[in-house]
>>> print(open('final.cif').read())   # mmCIF, C-alpha atoms and all ligand atoms
data_model
loop_
_atom_site.label_atom_id
_atom_site.label_comp_id
_atom_site.auth_asym_id
_atom_site.auth_seq_id
_atom_site.Cartn_x
_atom_site.Cartn_y
_atom_site.Cartn_z
CA MET A 1262 -26.63 0.60 -3.14
CA LEU A 1263 -27.75 0.58 -6.72
CA ILE A 1264 -25.47 -1.07 -9.21
CA GLU A 1265 -25.69 1.98 -11.50
CA ARG A 1266 -24.09 4.14 -8.82
CA MET A 1267 -21.03 1.93 -8.44
CA HIS A 1268 -17.79 2.59 -10.22
CA PRO A 1269 -18.79 1.29 -13.70
CA ILE A 1270 -15.91 -1.20 -13.85
CA LEU A 1271 -16.49 -2.76 -10.46
CA ALA A 1272 -19.59 -4.78 -11.25
CA SER A 1273 -17.76 -6.69 -13.97
CA ILE A 1274 -14.65 -7.59 -11.95
CA MET A 1275 -15.83 -8.06 -8.35
CA VAL A 1276 -15.87 -11.63 -7.01
CA CYS A 1277 -16.39 -13.36 -3.67
CA PRO A 1278 -13.23 -12.94 -1.53
CA CYS A 1279 -13.84 -16.37 0.04
CA CYS A 1280 -14.17 -18.55 -3.07
CA GLY A 1281 -13.71 -16.35 -6.15
CA ALA A 1282 -17.23 -16.95 -7.53
CA VAL A 1283 -19.35 -14.24 -9.15
CA LEU A 1284 -21.18 -11.93 -6.72
CA LYS A 1285 -24.85 -11.07 -6.91
CA ILE A 1286 -25.07 -7.36 -6.14
CA GLU A 1287 -28.20 -6.16 -4.38
CA THR A 1288 -29.21 -2.90 -2.70
CA GLU A 1289 -27.69 -3.51 0.72
CA LYS A 1290 -25.55 -6.57 0.21
CA CYS A 1291 -23.50 -8.71 -2.16
CA SER A 1292 -24.12 -12.47 -2.14
CA CYS A 1293 -21.83 -15.21 -3.41
CA SER A 1294 -23.45 -17.12 -6.27
CA ARG A 1295 -21.77 -20.44 -5.41
CA ASP A 1296 -24.10 -22.80 -3.51
CA ALA A 1297 -21.24 -24.32 -1.51
CA CYS A 1298 -20.18 -20.85 -0.25
CA LYS A 1299 -23.21 -18.54 -0.11
CA ALA A 1300 -21.15 -15.89 1.72
CA GLN A 1301 -22.86 -12.52 2.17
CA PHE A 1302 -21.22 -9.13 2.39
CA PRO A 1303 -22.94 -5.92 3.49
CA ILE A 1304 -22.79 -2.64 1.58
CA ARG A 1305 -22.37 0.29 3.96
CA ASN A 1306 -21.91 3.93 2.95
CA GLU A 1307 -22.29 2.61 -0.63
CA GLN A 1308 -19.08 0.63 -0.04
CA PRO A 1309 -19.15 -3.19 -0.32
CA ILE A 1310 -17.32 -4.85 2.61
CA LEU A 1311 -15.67 -7.75 0.77
CA ILE A 1312 -13.64 -9.33 3.58
CA ASN A 1313 -12.85 -13.04 3.96
CA GLU A 1314 -12.91 -13.15 7.77
CA LYS A 1315 -11.08 -16.51 7.85
CA ASN A 1316 -7.91 -14.96 6.39
CA SER A 1317 -8.18 -11.43 7.75
CA LEU A 1318 -7.29 -9.55 10.93
CA PHE A 1319 -10.62 -7.79 10.48
CA ASP A 1320 -14.26 -8.80 10.93
CA ILE A 1321 -16.94 -7.47 8.63
CA ASP A 1322 -18.62 -5.87 11.65
CA ASP A 1323 -15.48 -3.81 12.32
CA PHE A 1324 -16.56 -1.64 9.40
CA GLN A 1325 -19.41 0.58 10.56
CA PRO A 1326 -19.97 4.13 9.31
CA GLY A 1327 -18.41 6.54 11.82
CA LYS A 1328 -16.23 3.81 13.35
CA ASP A 1329 -12.69 3.80 12.03
CA ALA A 1330 -9.95 1.61 13.52
CA PHE A 1331 -7.33 4.17 12.47
CA HIS A 1332 -9.25 7.33 13.30
CA ARG A 1333 -7.24 10.41 14.31
CA SER A 1334 -8.81 13.42 15.98
CA LYS A 1335 -9.07 16.74 14.12
CA PHE A 1336 -6.53 18.24 16.56
CA MET A 1337 -3.99 15.48 15.83
CA LYS A 1338 -4.56 15.88 12.08
CA LEU A 1339 -3.96 19.62 12.40
CA LEU A 1340 -0.86 19.13 14.50
CA ALA A 1341 0.44 16.55 12.05
CA ALA A 1342 -0.05 19.02 9.21
CA ALA A 1343 1.56 21.98 11.02
CA ALA A 1344 4.79 20.55 12.48
CA PRO A 1345 7.67 19.83 10.08
CA ARG A 1346 7.75 16.19 9.04
CA LEU A 1347 10.61 13.82 9.76
CA GLY A 1348 9.97 11.81 6.60
CA LEU A 1349 10.60 12.60 2.96
CA ASN A 1350 9.91 10.41 -0.05
CA VAL A 1351 12.48 11.51 -2.62
CA LYS A 1352 11.44 9.12 -5.42
CA ALA A 1353 7.65 8.66 -5.37
CA ALA A 1354 6.74 11.54 -7.69
CA GLU A 1355 9.28 10.44 -10.32
CA ASN A 1356 8.26 6.77 -9.98
CA TYR A 1357 4.58 7.56 -10.40
CA ARG A 1358 5.37 9.61 -13.52
CA LYS A 1359 7.19 6.58 -14.92
CA LEU A 1360 4.30 4.26 -13.99
CA HIS A 1361 1.85 6.71 -15.55
CA ASP A 1362 3.74 6.78 -18.86
CA LEU A 1363 4.21 3.00 -18.94
CA LEU A 1364 0.51 2.44 -18.24
CA LEU A 1365 -0.64 4.69 -21.05
CA SER A 1366 1.88 3.20 -23.47
CA GLN A 1367 0.32 -0.26 -22.86
CA ASN A 1368 -3.37 0.58 -22.83
CA GLU A 1369 -5.48 3.58 -23.88
CA ARG A 1370 -7.74 3.19 -20.85
CA PRO A 1371 -5.82 1.36 -18.10
CA ILE A 1372 -7.39 0.17 -14.85
CA CYS A 1373 -5.31 0.54 -11.75
CA LEU A 1374 -5.90 -1.04 -8.32
CA VAL A 1375 -4.70 0.72 -5.19
CA ILE A 1376 -4.36 -1.48 -2.09
CA GLY A 1377 -4.42 0.61 1.08
CA CYS A 1378 -5.56 3.89 -0.43
CA GLY A 1379 -6.65 5.35 2.94
CA GLU A 1380 -4.05 8.06 3.24
CA ALA A 1381 -3.37 8.94 -0.40
CA GLY A 1382 0.20 7.87 -1.11
CA LYS A 1383 2.90 10.42 -1.89
CA GLY A 1384 3.01 11.25 -5.60
CA ILE A 1385 -0.08 9.25 -6.59
CA GLN A 1386 -1.91 12.39 -7.75
CA GLU A 1387 -0.12 11.96 -11.08
CA LEU A 1388 -2.35 8.93 -11.72
CA VAL A 1389 -5.46 10.10 -9.90
CA ASN A 1390 -5.65 13.35 -11.89
CA ASP A 1391 -5.47 11.63 -15.28
CA PRO A 1392 -9.01 11.04 -16.61
CA HIS A 1393 -7.68 8.31 -18.93
CA ILE A 1394 -6.82 6.07 -15.99
CA ASP A 1395 -9.49 4.29 -13.95
CA ILE A 1396 -8.49 3.90 -10.33
CA ILE A 1397 -10.11 1.38 -7.99
CA ASN A 1398 -9.35 2.22 -4.37
CA THR A 1399 -9.41 -0.43 -1.65
CA ASP A 1400 -8.53 -0.31 2.01
CA VAL A 1401 -9.47 -1.80 5.37
CA ASN A 1402 -11.50 1.23 6.37
CA LEU A 1403 -14.54 3.17 5.19
CA GLY A 1404 -12.55 6.22 4.03
CA GLU A 1405 -14.40 8.56 1.67
CA ASN A 1406 -12.27 7.66 -1.38
CA VAL A 1407 -12.53 3.89 -0.76
CA HIS A 1408 -14.56 2.04 -3.43
CA ILE A 1409 -14.39 -1.37 -1.77
CA VAL A 1410 -13.34 -2.46 1.70
CA ALA A 1411 -10.98 -5.32 0.90
CA ASP A 1412 -8.05 -7.14 2.52
CA GLY A 1413 -4.98 -7.68 0.33
CA HIS A 1414 -4.79 -11.35 1.42
CA ASP A 1415 -7.99 -12.06 -0.57
CA LEU A 1416 -8.52 -9.47 -3.28
CA PRO A 1417 -12.18 -9.66 -4.36
CA PHE A 1418 -11.44 -9.36 -8.08
CA LYS A 1419 -11.34 -11.71 -11.06
CA ASN A 1420 -7.97 -12.95 -12.34
CA GLU A 1421 -6.21 -10.57 -14.73
CA SER A 1422 -8.46 -7.56 -14.07
CA PHE A 1423 -5.90 -4.75 -13.74
CA ASP A 1424 -3.17 -3.04 -15.75
CA ALA A 1425 -1.39 -1.98 -12.56
CA VAL A 1426 -1.50 -2.58 -8.82
CA ILE A 1427 -0.11 -0.16 -6.25
CA ALA A 1428 0.83 -1.04 -2.67
CA GLN A 1429 2.50 2.03 -1.16
CA ALA A 1430 3.50 1.62 2.51
CA VAL A 1431 1.15 -1.35 2.84
CA LEU A 1432 3.12 -4.61 2.87
CA GLU A 1433 4.61 -3.98 6.32
CA HIS A 1434 1.06 -3.90 7.68
CA VAL A 1435 -0.15 -7.25 6.33
CA ALA A 1436 0.30 -10.54 8.18
CA GLU A 1437 1.47 -12.45 5.08
CA PRO A 1438 3.19 -10.23 2.50
CA ASN A 1439 3.91 -13.22 0.24
CA ARG A 1440 0.24 -14.03 -0.01
CA VAL A 1441 -0.66 -10.42 -0.79
CA VAL A 1442 1.95 -10.33 -3.57
CA GLN A 1443 0.52 -13.59 -4.95
CA GLU A 1444 -2.87 -11.89 -5.03
CA ILE A 1445 -1.36 -8.86 -6.80
CA TYR A 1446 0.11 -11.26 -9.39
CA ARG A 1447 -3.24 -13.01 -9.83
CA VAL A 1448 -5.32 -9.88 -10.45
CA LEU A 1449 -2.79 -8.32 -12.84
CA LYS A 1450 -3.24 -8.75 -16.58
CA SER A 1451 -0.39 -10.39 -18.47
CA GLY A 1452 2.48 -7.87 -18.52
CA GLY A 1453 0.71 -5.77 -15.87
CA LEU A 1454 2.70 -3.40 -13.66
CA VAL A 1455 3.26 -3.33 -9.92
CA TYR A 1456 4.52 -0.45 -7.81
CA ALA A 1457 5.36 -1.07 -4.15
CA GLU A 1458 7.07 0.97 -1.45
CA THR A 1459 7.90 -0.79 1.82
CA PRO A 1460 9.93 0.29 4.86
CA PHE A 1461 13.33 -1.10 5.79
CA MET A 1462 14.65 1.05 8.71
CA GLN A 1463 11.48 2.34 10.34
CA GLN A 1464 10.17 1.98 13.86
CA ILE A 1465 6.68 0.73 14.68
CA HIS A 1466 3.85 2.77 13.19
CA MET A 1467 0.11 2.06 13.19
CA GLY A 1468 0.63 0.24 16.50
CA ALA A 1469 -0.44 -3.39 16.48
CA TYR A 1470 -0.87 -3.39 12.69
CA ASP A 1471 2.85 -3.43 11.87
CA PHE A 1472 4.64 -6.72 11.18
CA THR A 1473 7.50 -6.76 8.68
CA ARG A 1474 10.45 -4.86 7.19
CA PHE A 1475 12.37 -5.57 3.98
CA THR A 1476 15.91 -4.91 2.78
CA LEU A 1477 16.25 -3.86 -0.84
CA LEU A 1478 16.99 -7.46 -1.88
CA GLY A 1479 14.38 -8.94 0.45
CA HIS A 1480 11.84 -6.67 -1.21
CA ARG A 1481 13.06 -7.68 -4.67
CA ARG A 1482 12.71 -11.36 -3.70
CA LEU A 1483 9.14 -10.77 -2.54
CA PHE A 1484 8.43 -9.80 -6.17
CA ARG A 1485 10.48 -12.61 -7.75
CA HIS A 1486 7.60 -13.50 -10.11
CA PHE A 1487 7.96 -10.03 -11.63
CA SER A 1488 10.65 -8.60 -13.90
CA SER A 1489 12.27 -5.43 -12.59
CA ILE A 1490 11.87 -2.04 -14.26
CA GLU A 1491 13.46 -0.12 -11.41
CA LEU A 1492 14.19 -0.55 -7.72
CA GLY A 1493 15.95 1.48 -5.06
CA ALA A 1494 15.50 3.56 -1.93
CA CYS A 1495 12.62 6.03 -1.79
CA CYS A 1496 13.33 7.20 1.77
CA GLY A 1497 16.95 7.39 2.85
CA PRO A 1498 19.30 7.29 5.84
CA GLY A 1499 18.48 10.88 6.86
CA MET A 1500 14.86 9.96 7.45
CA ALA A 1501 15.93 6.70 9.14
CA LEU A 1502 18.15 8.67 11.54
CA ALA A 1503 15.44 11.24 12.25
CA TRP A 1504 12.93 8.48 13.05
CA ALA A 1505 15.49 6.65 15.22
CA TYR A 1506 16.15 9.88 17.14
CA ALA A 1507 12.42 10.54 17.63
CA TYR A 1508 11.73 6.98 18.79
CA PHE A 1509 14.81 7.09 21.07
CA LEU A 1510 13.38 10.19 22.76
CA MET A 1511 9.90 8.67 22.95
CA SER A 1512 11.32 5.60 24.71
CA PHE A 1513 11.64 7.81 27.80
CA ALA A 1514 7.98 8.84 27.74
CA PRO A 1515 6.11 8.04 30.97
CA ASN A 1516 2.70 8.38 29.30
CA LYS A 1517 0.98 8.92 25.92
CA LYS A 1518 0.74 12.69 26.30
CA PHE A 1519 4.46 13.03 26.96
CA ARG A 1520 5.15 10.71 24.03
CA LYS A 1521 3.34 13.10 21.68
CA LEU A 1522 5.24 16.03 23.17
CA LEU A 1523 8.59 14.29 22.61
CA PHE A 1524 7.58 13.36 19.07
CA ASN A 1525 6.81 16.97 18.22
CA PHE A 1526 10.07 18.09 19.85
CA ALA A 1527 11.88 15.59 17.61
CA ARG A 1528 10.06 16.93 14.54
CA VAL A 1529 11.15 20.50 15.23
CA THR A 1530 14.75 19.58 16.03
CA ALA A 1531 15.49 16.86 13.45
CA PHE A 1532 13.30 17.54 10.39
CA TRP A 1533 16.34 18.82 8.44
CA LEU A 1534 18.02 15.39 8.38
CA LYS A 1535 15.64 14.22 5.64
CA TYR A 1536 17.10 16.66 3.10
CA PHE A 1537 20.34 14.64 2.98
CA ASP A 1538 18.27 11.89 1.35
CA TYR A 1539 18.20 13.69 -2.00
CA PHE A 1540 21.87 12.67 -2.12
CA LEU A 1541 22.13 9.63 0.19
CA THR A 1542 19.47 7.45 -1.49
CA HIS A 1543 21.86 7.18 -4.46
CA THR A 1544 25.05 6.17 -2.63
CA PRO A 1545 26.01 2.46 -2.35
CA CYS A 1546 26.25 2.63 1.46
CA GLY A 1547 23.13 4.80 1.69
CA LEU A 1548 21.04 1.88 0.46
CA ASP A 1549 22.25 -0.20 3.43
CA ALA A 1550 20.70 2.35 5.78
CA ALA A 1551 17.62 3.46 3.82
CA SER A 1552 14.34 4.10 5.58
CA GLY A 1553 12.33 2.46 2.79
CA CYS A 1554 12.65 0.89 -0.66
CA TYR A 1555 10.55 0.71 -3.81
CA PHE A 1556 10.03 -1.76 -6.61
CA LEU A 1557 8.51 -1.03 -10.00
CA GLY A 1558 8.06 -4.22 -11.98
CA ARG A 1559 6.11 -6.19 -14.51
CA LYS A 1560 4.21 -9.49 -14.15
CA SER A 1561 6.41 -12.17 -15.67
CA SER A 1562 6.28 -15.89 -16.41
CA GLU A 1563 9.90 -16.23 -15.24
CA ILE A 1564 11.04 -16.40 -11.63
CA LEU A 1565 14.10 -14.50 -10.42
CA ASP A 1566 16.76 -16.99 -9.28
CA ASP A 1567 18.22 -16.37 -5.80
CA ARG A 1568 21.78 -16.43 -7.21
CA ASP A 1569 20.81 -13.67 -9.63
CA LEU A 1570 19.13 -11.87 -6.75
CA ILE A 1571 22.29 -11.60 -4.63
CA ALA A 1572 24.20 -10.27 -7.64
CA LEU A 1573 21.93 -7.21 -7.44
CA TYR A 1574 23.39 -6.08 -4.08
CA PRO A 1575 24.68 -2.56 -4.72
CA GLY A 1576 26.58 -1.95 -1.45
CA TRP A 1577 30.20 -2.33 -0.34
CA GLN A 1578 29.95 -5.11 2.25
ZN ZN A 1601 -18.09 -17.44 -2.24
#
>>> encode(input="final.cif", output="structure tokens", more="lines below")
Ligand SMILES: [Zn+2]
Amino acid sequence: MLIERMHPILASIMVCPCCGAVLKIETEKCSCSRDACKAQFPIRNEQPILINEKNSLFDIDDFQPGKDAFHRSKFMKLLAAAAPRLGLNVKAAENYRKLHDLLLSQNERPICLVIGCGEAGKGIQELVNDPHIDIINTDVNLGENVHIVADGHDLPFKNESFDAVIAQAVLEHVAEPNRVVQEIYRVLKSGGLVYAETPFMQQIHMGAYDFTRFTLLGHRRLFRHFSSIELGACCGPGMALAWAYAYFLMSFAPNKKFRKLLFNFARVTAFWLKYFDYFLTHTPCGLDAASGCYFLGRKSSEILDDRDLIALYPGWQ
């Protein structure tokens, strides 16, 4: 890979994910410039694989062109597109519009990092379509829109590189969410923005790569080094109920094929539940049963106190 063909910003902000030193970028690999480290990272499909194997669930050799850990067949993709969905994100589009406006009010040419860009997040087109915003996409696969294969536990970027970081439906899939949020904090410029969406009431998805759920306040606490601009539910109790119903049915499945059949039956019979979420994500008790929550915040030098945190509880318990 020639350095001229890379995203123009990348060469100036990429660092070694193992030690943080400057990387020497060559045609087929990146090499750490620190003598004590000397780590090497291949470039495949013109995508640098900047993984610190010591801290990651993934090995560098997991990333080979044509081999994708989360590959779905064309038939499954088609089926997924055709059947009505059980999920509905009622806030993402509005939240991304807000993030977009905040970003451009802070910087004429903001740089935004997306962690886990693989399946483009709901509503993110607002940012992607704006030529004034530079987007750096990272993920743990070689997807076609991925600039760098990187693990959120060790972001391969210099401190204070980005105006915003996005982690949409990502933090439930990382082994140590606290460490990933520390990394987000590190790579954000002073006053930089974060946008995260993370599930609360959702069953297992992405199989073995699913570890954690957060309540609204648990999610807020995860970002206690950030000041809050807005937080709430992005997916509500209707979606949570639809998922619970689908997973209840699938619990009876005797094999994988039958499981898929039951899932599609659930989609056809329960898709309508999600429409209640336009209303239920705003009710005090609805937040107690939400499928997922979001946090839009700003890097801060102050830490949210736990006593102030519990005062944020909006419910009636
Ligand atoms: Zn290094």
>>> atom_distance(input="final.cif", atom1="atom CA of Val1431 of chain A", atom2="atom CA of Asp1538 of chain A")
21.7 Å
>>> closest_atom_pairs(input="final.cif", of="chain A", to="ligand ZN 1601 (chain A)", cutoff="8 Å", atoms="only C-alpha atoms and all ligand atoms", output="Markdown table")
| residue | atom | partner | partner_atom | distance |
| --- | --- | --- | --- | --- |
| A:Val1276 | CA | A:ZN1601 | ZN | 7.8 |
| A:Cys1277 | CA | A:ZN1601 | ZN | 4.6 |
| A:Pro1278 | CA | A:ZN1601 | ZN | 6.7 |
| A:Cys1279 | CA | A:ZN1601 | ZN | 4.9 |
| A:Cys1280 | CA | A:ZN1601 | ZN | 4.2 |
| A:Gly1281 | CA | A:ZN1601 | ZN | 6.0 |
| A:Ala1282 | CA | A:ZN1601 | ZN | 5.4 |
| A:Val1283 | CA | A:ZN1601 | ZN | 7.7 |
| A:Leu1284 | CA | A:ZN1601 | ZN | 7.7 |
| A:Ser1292 | CA | A:ZN1601 | ZN | 7.8 |
| A:Cys1293 | CA | A:ZN1601 | ZN | 4.5 |
| A:Ser1294 | CA | A:ZN1601 | ZN | 6.7 |
| A:Arg1295 | CA | A:ZN1601 | ZN | 5.7 |
| A:Ala1297 | CA | A:ZN1601 | ZN | 7.6 |
| A:Cys1298 | CA | A:ZN1601 | ZN | 4.5 |
| A:Lys1299 | CA | A:ZN1601 | ZN | 5.7 |
| A:Ala1300 | CA | A:ZN1601 | ZN | 5.2 |
>>> residues_near_point(input="final.cif", point="(5.7, 24.3, 11.6)", cutoff="12 Å", atoms="only C-alpha atoms", output="short mmCIF file (atom, residue, chain, number, x, y, z; two decimals) with C-alpha atoms, in the coordinates of the input")
data_model
loop_
_atom_site.label_atom_id
_atom_site.label_comp_id
_atom_site.auth_asym_id
_atom_site.auth_seq_id
_atom_site.Cartn_x
_atom_site.Cartn_y
_atom_site.Cartn_z
CA LEU A 1339 -3.96 19.62 12.40
CA LEU A 1340 -0.86 19.13 14.50
CA ALA A 1341 0.44 16.55 12.05
CA ALA A 1342 -0.05 19.02 9.21
CA ALA A 1343 1.56 21.98 11.02
CA ALA A 1344 4.79 20.55 12.48
CA PRO A 1345 7.67 19.83 10.08
CA ARG A 1346 7.75 16.19 9.04
CA LEU A 1347 10.61 13.82 9.76
CA ASN A 1525 6.81 16.97 18.22
CA PHE A 1526 10.07 18.09 19.85
CA ARG A 1528 10.06 16.93 14.54
CA VAL A 1529 11.15 20.50 15.23
CA THR A 1530 14.75 19.58 16.03
CA PHE A 1532 13.30 17.54 10.39
#
>>> atom_distance(input="final.cif", atom1="atom CA of Gln1325 of chain A", atom2="atom CA of Val1407 of chain A")
13.7 Å
>>> residues_around(input="final.cif", residues="Phe1418 of chain A", least_positions_apart="3", cutoff="12 Å", atoms="all atoms listed in the file", output="PyMOL selection string")
chain A and resi 1270-1284+1311-1312+1374+1397+1399+1409+1411-1415+1421-1423+1444-1450
>>> closest_residue(input="final.cif", among="A:Asn1306, A:Gln1367, A:Gln1301, A:Gln1429", to="Ser1451 of chain A", atoms="only C-alpha atoms")
A:Gln1367
